[in-house]
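Note: the block below is work_32.pdb and it holds PDB, C-alpha atoms.
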```pdb
ATOM      1  CA  MET P   1     -94.994  16.420   9.800  1.00  0.00           C
ATOM      2  CA  GLY P   2     -97.285  19.211   8.796  1.00  0.00           C
ATOM      3  CA  LYS P   3     -99.051  17.350   5.987  1.00  0.00           C
ATOM      4  CA  GLY P   4    -102.461  18.404   7.252  1.00  0.00           C
ATOM      5  CA  ALA P   5    -105.457  16.885   8.949  1.00  0.00           C
ATOM      6  CA  PRO P   6    -108.011  14.372   7.727  1.00  0.00           C
ATOM      7  CA  ASP P   7    -111.198  15.805   6.202  1.00  0.00           C
ATOM      8  CA  GLY P   8    -113.672  16.998   8.798  1.00  0.00           C
ATOM      9  CA  TRP P   9    -111.154  17.837  11.507  1.00  0.00           C
ATOM     10  CA  THR P  10    -111.133  21.252  13.215  1.00  0.00           C
ATOM     11  CA  TYR P  11    -108.049  23.494  13.185  1.00  0.00           C
ATOM     12  CA  PHE P  12    -107.007  25.638  16.147  1.00  0.00           C
ATOM     13  CA  ASN P  13    -104.588  28.569  15.989  1.00  0.00           C
ATOM     14  CA  ALA P  14    -102.120  29.104  18.821  1.00  0.00           C
ATOM     15  CA  HIS P  15    -100.116  32.313  18.295  1.00  0.00           C
ATOM     16  CA  GLY P  16     -98.178  31.235  15.184  1.00  0.00           C
ATOM     17  CA  ILE P  17     -98.702  27.483  15.218  1.00  0.00           C
ATOM     18  CA  ALA P  18    -101.826  25.501  14.348  1.00  0.00           C
ATOM     19  CA  PHE P  19    -103.028  21.957  14.975  1.00  0.00           C
ATOM     20  CA  ALA P  20    -106.158  19.959  14.161  1.00  0.00           C
ATOM     21  CA  VAL P  21    -108.316  17.568  16.160  1.00  0.00           C
ATOM     22  CA  PRO P  22    -111.375  15.431  15.379  1.00  0.00           C
ATOM     23  CA  LYS P  23    -114.697  17.336  15.401  1.00  0.00           C
ATOM     24  CA  ASP P  24    -115.858  15.832  18.731  1.00  0.00           C
ATOM     25  CA  TRP P  25    -112.939  17.400  20.628  1.00  0.00           C
ATOM     26  CA  ARG P  26    -113.604  20.681  22.421  1.00  0.00           C
ATOM     27  CA  ARG P  27    -111.487  23.807  22.659  1.00  0.00           C
ATOM     28  CA  THR P  28    -110.403  24.733  26.163  1.00  0.00           C
ATOM     29  CA  ALA P  29    -111.618  28.272  26.821  1.00  0.00           C
ATOM     30  CA  THR P  30    -108.830  30.854  26.834  1.00  0.00           C
ATOM     31  CA  ALA P  31    -109.812  31.937  30.370  1.00  0.00           C
ATOM     32  CA  ASP P  32    -109.307  28.326  31.564  1.00  0.00           C
ATOM     33  CA  LEU P  33    -105.805  27.912  30.121  1.00  0.00           C
ATOM     34  CA  PRO P  34    -103.067  27.682  32.753  1.00  0.00           C
ATOM     35  CA  PRO P  35    -100.022  29.986  32.463  1.00  0.00           C
ATOM     36  CA  GLY P  36     -97.691  28.870  29.678  1.00  0.00           C
ATOM     37  CA  VAL P  37    -100.421  27.203  27.585  1.00  0.00           C
ATOM     38  CA  LEU P  38    -101.197  29.002  24.301  1.00  0.00           C
ATOM     39  CA  ALA P  39    -104.110  26.771  23.242  1.00  0.00           C
ATOM     40  CA  ALA P  40    -105.649  23.427  24.153  1.00  0.00           C
ATOM     41  CA  ALA P  41    -108.384  21.022  23.129  1.00  0.00           C
ATOM     42  CA  HIS P  42    -109.704  17.919  24.857  1.00  0.00           C
ATOM     43  CA  LEU P  43    -111.995  14.913  24.497  1.00  0.00           C
ATOM     44  CA  ASP P  44    -114.234  13.879  27.381  1.00  0.00           C
ATOM     45  CA  GLU P  45    -115.964  10.538  27.759  1.00  0.00           C
ATOM     46  CA  HIS P  46    -118.626  10.120  30.469  1.00  0.00           C
ATOM     47  CA  GLY P  47    -117.392  13.288  32.190  1.00  0.00           C
ATOM     48  CA  THR P  48    -113.734  12.205  32.256  1.00  0.00           C
ATOM     49  CA  GLN P  49    -111.034  13.728  30.076  1.00  0.00           C
ATOM     50  CA  ILE P  50    -109.455  10.885  28.114  1.00  0.00           C
ATOM     51  CA  ALA P  51    -107.329  12.773  25.590  1.00  0.00           C
ATOM     52  CA  ASP P  52    -105.979  16.276  25.088  1.00  0.00           C
ATOM     53  CA  VAL P  53    -103.554  18.425  23.147  1.00  0.00           C
ATOM     54  CA  GLU P  54    -101.828  21.541  24.481  1.00  0.00           C
ATOM     55  CA  VAL P  55     -99.409  24.049  22.970  1.00  0.00           C
ATOM     56  CA  LEU P  56     -96.923  24.890  25.736  1.00  0.00           C
ATOM     57  CA  THR P  57     -94.378  27.707  25.916  1.00  0.00           C
ATOM     58  CA  ARG P  58     -92.099  25.537  28.056  1.00  0.00           C
ATOM     59  CA  LYS P  59     -90.989  21.927  28.356  1.00  0.00           C
ATOM     60  CA  PRO P  60     -93.685  19.894  30.137  1.00  0.00           C
ATOM     61  CA  PRO P  61     -92.901  18.531  33.594  1.00  0.00           C
ATOM     62  CA  THR P  62     -91.427  15.061  33.778  1.00  0.00           C
ATOM     63  CA  PRO P  63     -94.308  12.608  34.130  1.00  0.00           C
ATOM     64  CA  LYS P  64     -94.820  11.017  37.543  1.00  0.00           C
ATOM     65  CA  GLY P  65     -94.938   7.377  36.600  1.00  0.00           C
ATOM     66  CA  TYR P  66     -93.147   4.325  35.465  1.00  0.00           C
ATOM     67  CA  LYS P  67     -91.858   4.944  31.956  1.00  0.00           C
ATOM     68  CA  LEU P  68     -92.524   1.944  29.769  1.00  0.00           C
ATOM     69  CA  THR P  69     -91.198   2.991  26.375  1.00  0.00           C
ATOM     70  CA  ALA P  70     -89.755   6.106  24.739  1.00  0.00           C
ATOM     71  CA  LYS P  71     -89.183   6.576  21.011  1.00  0.00           C
ATOM     72  CA  PRO P  72     -87.500   9.826  19.912  1.00  0.00           C
ATOM     73  CA  SER P  73     -87.598  10.823  16.261  1.00  0.00           C
ATOM     74  CA  THR P  74     -84.767  11.933  14.093  1.00  0.00           C
ATOM     75  CA  PRO P  75     -84.778  15.762  14.039  1.00  0.00           C
ATOM     76  CA  PHE P  76     -86.767  17.138  11.086  1.00  0.00           C
ATOM     77  CA  LYS P  77     -87.683  20.524   9.596  1.00  0.00           C
ATOM     78  CA  MET P  78     -91.146  21.974  10.129  1.00  0.00           C
ATOM     79  CA  GLY P  79     -91.824  25.408   8.676  1.00  0.00           C
ATOM     80  CA  GLY P  80     -88.069  25.924   8.347  1.00  0.00           C
ATOM     81  CA  HIS P  81     -87.491  25.182  12.050  1.00  0.00           C
ATOM     82  CA  LEU P  82     -85.550  22.200  13.401  1.00  0.00           C
ATOM     83  CA  SER P  83     -88.103  20.082  15.277  1.00  0.00           C
ATOM     84  CA  THR P  84     -88.253  16.806  17.198  1.00  0.00           C
ATOM     85  CA  GLU P  85     -90.897  14.336  18.240  1.00  0.00           C
ATOM     86  CA  VAL P  86     -90.812  11.955  21.204  1.00  0.00           C
ATOM     87  CA  ASN P  87     -93.443   9.286  21.833  1.00  0.00           C
ATOM     88  CA  TYR P  88     -93.677   7.517  25.168  1.00  0.00           C
ATOM     89  CA  ALA P  89     -96.017   5.500  27.341  1.00  0.00           C
ATOM     90  CA  PHE P  90     -96.032   5.151  31.094  1.00  0.00           C
ATOM     91  CA  LEU P  91     -98.144   4.038  34.031  1.00  0.00           C
ATOM     92  CA  SER P  92     -99.137   7.063  36.122  1.00  0.00           C
ATOM     93  CA  LYS P  93     -98.137   7.059  39.797  1.00  0.00           C
ATOM     94  CA  THR P  94    -100.963   9.526  40.443  1.00  0.00           C
ATOM     95  CA  ASP P  95    -103.948   7.399  39.421  1.00  0.00           C
ATOM     96  CA  GLY P  96    -102.419   4.103  38.232  1.00  0.00           C
ATOM     97  CA  LEU P  97    -103.766   4.588  34.696  1.00  0.00           C
ATOM     98  CA  PRO P  98    -101.697   4.171  31.535  1.00  0.00           C
ATOM     99  CA  ARG P  99    -100.777   7.290  29.555  1.00  0.00           C
ATOM    100  CA  ARG P 100     -99.587   7.696  25.973  1.00  0.00           C
ATOM    101  CA  VAL P 101     -97.813  10.915  25.081  1.00  0.00           C
ATOM    102  CA  THR P 102     -96.492  12.539  21.918  1.00  0.00           C
ATOM    103  CA  GLU P 103     -94.318  15.649  22.380  1.00  0.00           C
ATOM    104  CA  VAL P 104     -93.499  17.729  19.304  1.00  0.00           C
ATOM    105  CA  THR P 105     -90.900  20.431  19.982  1.00  0.00           C
ATOM    106  CA  THR P 106     -90.708  23.200  17.382  1.00  0.00           C
ATOM    107  CA  LYS P 107     -91.024  26.978  16.966  1.00  0.00           C
ATOM    108  CA  THR P 108     -93.923  29.247  16.039  1.00  0.00           C
ATOM    109  CA  ALA P 109     -93.899  31.470  12.942  1.00  0.00           C
ATOM    110  CA  SER P 110     -92.244  34.217  15.050  1.00  0.00           C
ATOM    111  CA  GLY P 111     -89.556  31.812  16.290  1.00  0.00           C
ATOM    112  CA  ARG P 112     -90.965  31.282  19.792  1.00  0.00           C
ATOM    113  CA  PRO P 113     -90.093  27.771  21.080  1.00  0.00           C
ATOM    114  CA  VAL P 114     -93.143  25.601  21.843  1.00  0.00           C
ATOM    115  CA  VAL P 115     -94.002  22.020  22.712  1.00  0.00           C
ATOM    116  CA  VAL P 116     -97.197  20.477  21.360  1.00  0.00           C
ATOM    117  CA  LEU P 117     -98.158  17.886  23.973  1.00  0.00           C
ATOM    118  CA  ILE P 118    -100.687  15.225  22.908  1.00  0.00           C
ATOM    119  CA  THR P 119    -101.865  12.879  25.670  1.00  0.00           C
ATOM    120  CA  ALA P 120    -104.264   9.932  25.910  1.00  0.00           C
ATOM    121  CA  SER P 121    -105.176   8.499  29.317  1.00  0.00           C
ATOM    122  CA  GLY P 122    -106.843   5.406  30.677  1.00  0.00           C
ATOM    123  CA  LYS P 123    -107.211   1.770  29.749  1.00  0.00           C
ATOM    124  CA  GLY P 124    -107.907   2.630  26.094  1.00  0.00           C
ATOM    125  CA  ALA P 125    -104.850   4.909  25.723  1.00  0.00           C
ATOM    126  CA  GLY P 126    -103.159   2.445  23.382  1.00  0.00           C
ATOM    127  CA  SER P 127    -106.033   2.700  20.909  1.00  0.00           C
ATOM    128  CA  TRP P 128    -105.278   6.426  20.418  1.00  0.00           C
ATOM    129  CA  VAL P 129    -101.903   5.970  18.698  1.00  0.00           C
ATOM    130  CA  ASP P 130    -103.276   6.599  15.196  1.00  0.00           C
ATOM    131  CA  THR P 131    -105.260   9.692  16.254  1.00  0.00           C
ATOM    132  CA  MET P 132    -102.230  11.067  18.126  1.00  0.00           C
ATOM    133  CA  TYR P 133    -100.074  10.549  15.034  1.00  0.00           C
ATOM    134  CA  ARG P 134    -102.659  12.381  12.900  1.00  0.00           C
ATOM    135  CA  ILE P 135    -102.799  15.312  15.335  1.00  0.00           C
ATOM    136  CA  ALA P 136     -98.984  15.540  15.291  1.00  0.00           C
ATOM    137  CA  ASN P 137     -99.051  15.316  11.491  1.00  0.00           C
ATOM    138  CA  SER P 138    -101.560  18.191  11.322  1.00  0.00           C
ATOM    139  CA  ILE P 139     -99.245  20.693  13.053  1.00  0.00           C
ATOM    140  CA  GLN P 140     -98.550  23.701  10.855  1.00  0.00           C
ATOM    141  CA  ILE P 141     -96.216  26.623  11.456  1.00  0.00           C
ATOM    142  CA  GLY P 142     -98.246  29.797  10.897  1.00  0.00           C
ATOM    143  CA  THR P 143    -101.942  30.535  11.233  1.00  0.00           C
ATOM    144  CA  ILE P 144    -104.729  28.609   9.530  1.00  0.00           C
ATOM    145  CA  GLY P 145    -107.117  30.851   7.609  1.00  0.00           C
ATOM    146  CA  LYS P 146    -110.077  30.264   5.299  1.00  0.00           C
ATOM    147  CA  GLY P 147    -109.922  27.009   3.429  1.00  0.00           C
ATOM    148  CA  ASN P 148    -107.317  25.724   5.907  1.00  0.00           C
ATOM    149  CA  LEU P 149    -104.612  27.799   4.173  1.00  0.00           C
ATOM    150  CA  VAL P 150    -101.490  28.474   6.203  1.00  0.00           C
ATOM    151  CA  LYS P 151    -100.412  32.098   6.636  1.00  0.00           C
ATOM    152  CA  THR P 152     -96.916  32.629   8.018  1.00  0.00           C
TER     153      THR P 152
END
```
Any chance you could put this one into structure tokens?
Amino acid sequence: MGKGAPDGWTYFNAHGIAFAVPKDWRRTATADLPPGVLAAAHLDEHGTQIADVEVLTRKPPTPKGYKLTAKPSTPFKMGGHLSTEVNYAFLSKTDGLPRRVTEVTTKTASGRPVVVLITASGKGAGSWVDTMYRIANSIQIGTIGKGNLVKT
């Protein structure tokens, strides 16, 4: 984890943690963030959100769906903090569409617990595995400055 993003990706800072997404993803405006979300970005296709990433200050709600698979990681260190990653896929009870989710639980530079939630939705959700892995791999503890340098 934390090895950085591919060339051309955009970094977002979220109060002591940073993540990167492909250039065609859009930042969710701060005014539009729900309570408990420090930062978010999303990808829309034909007016429908098909993928997103959020930095949450709390554990996300349990998904309403049929869980198909869950793969937890071995705990690892990120920025000196013990962290975990869980990947799972399920069929949503809400709209019947498949979802793929990666949850990275860690702490910000100040020690605040956060969950980085990366989600892909719809029939093509399975094709997002590599991008989701790259987003998770881009997570940095600290703030990204000029030249994508991490400041803690």
Tell me which protein, DNA and RNA residues are within 7 Å of Ala70 in chain P, counting only C-alpha atoms, leaving out same-chain ones fewer than 5 positions away, and put them as a PyMOL selection string.
-> chain P and resi 86-89
I would like the residues chosen by the PyMOL selection byres ((chain P and resi 8-20) around 7) on the shown file; could you give them as a ChimeraX atom specification?
-> /P:5-7,21-23,38-39,108-110,135,138-144
Identify, on the basis of only C-alpha atoms, every residue whose closest approach to Thr106 in chain P does not exceed 6 Å; exclude the query and any residue fewer than 6 positions from it along the same chain; express the result as a list in words.
-> Ser83, Pro113 and Val114 of chain P
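Separating CA of Ala125 in chain P from CA of Thr28 in chain P is a distance of 20.6 Å.
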Minimum-distance residue to Asp52 in chain P, chosen among P:Leu68, P:Leu117, P:Ala29, P:Leu82 (using all atoms listed in the file) |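 The answer is P:Leu117, which sits nearest to Asp52 in chain P.
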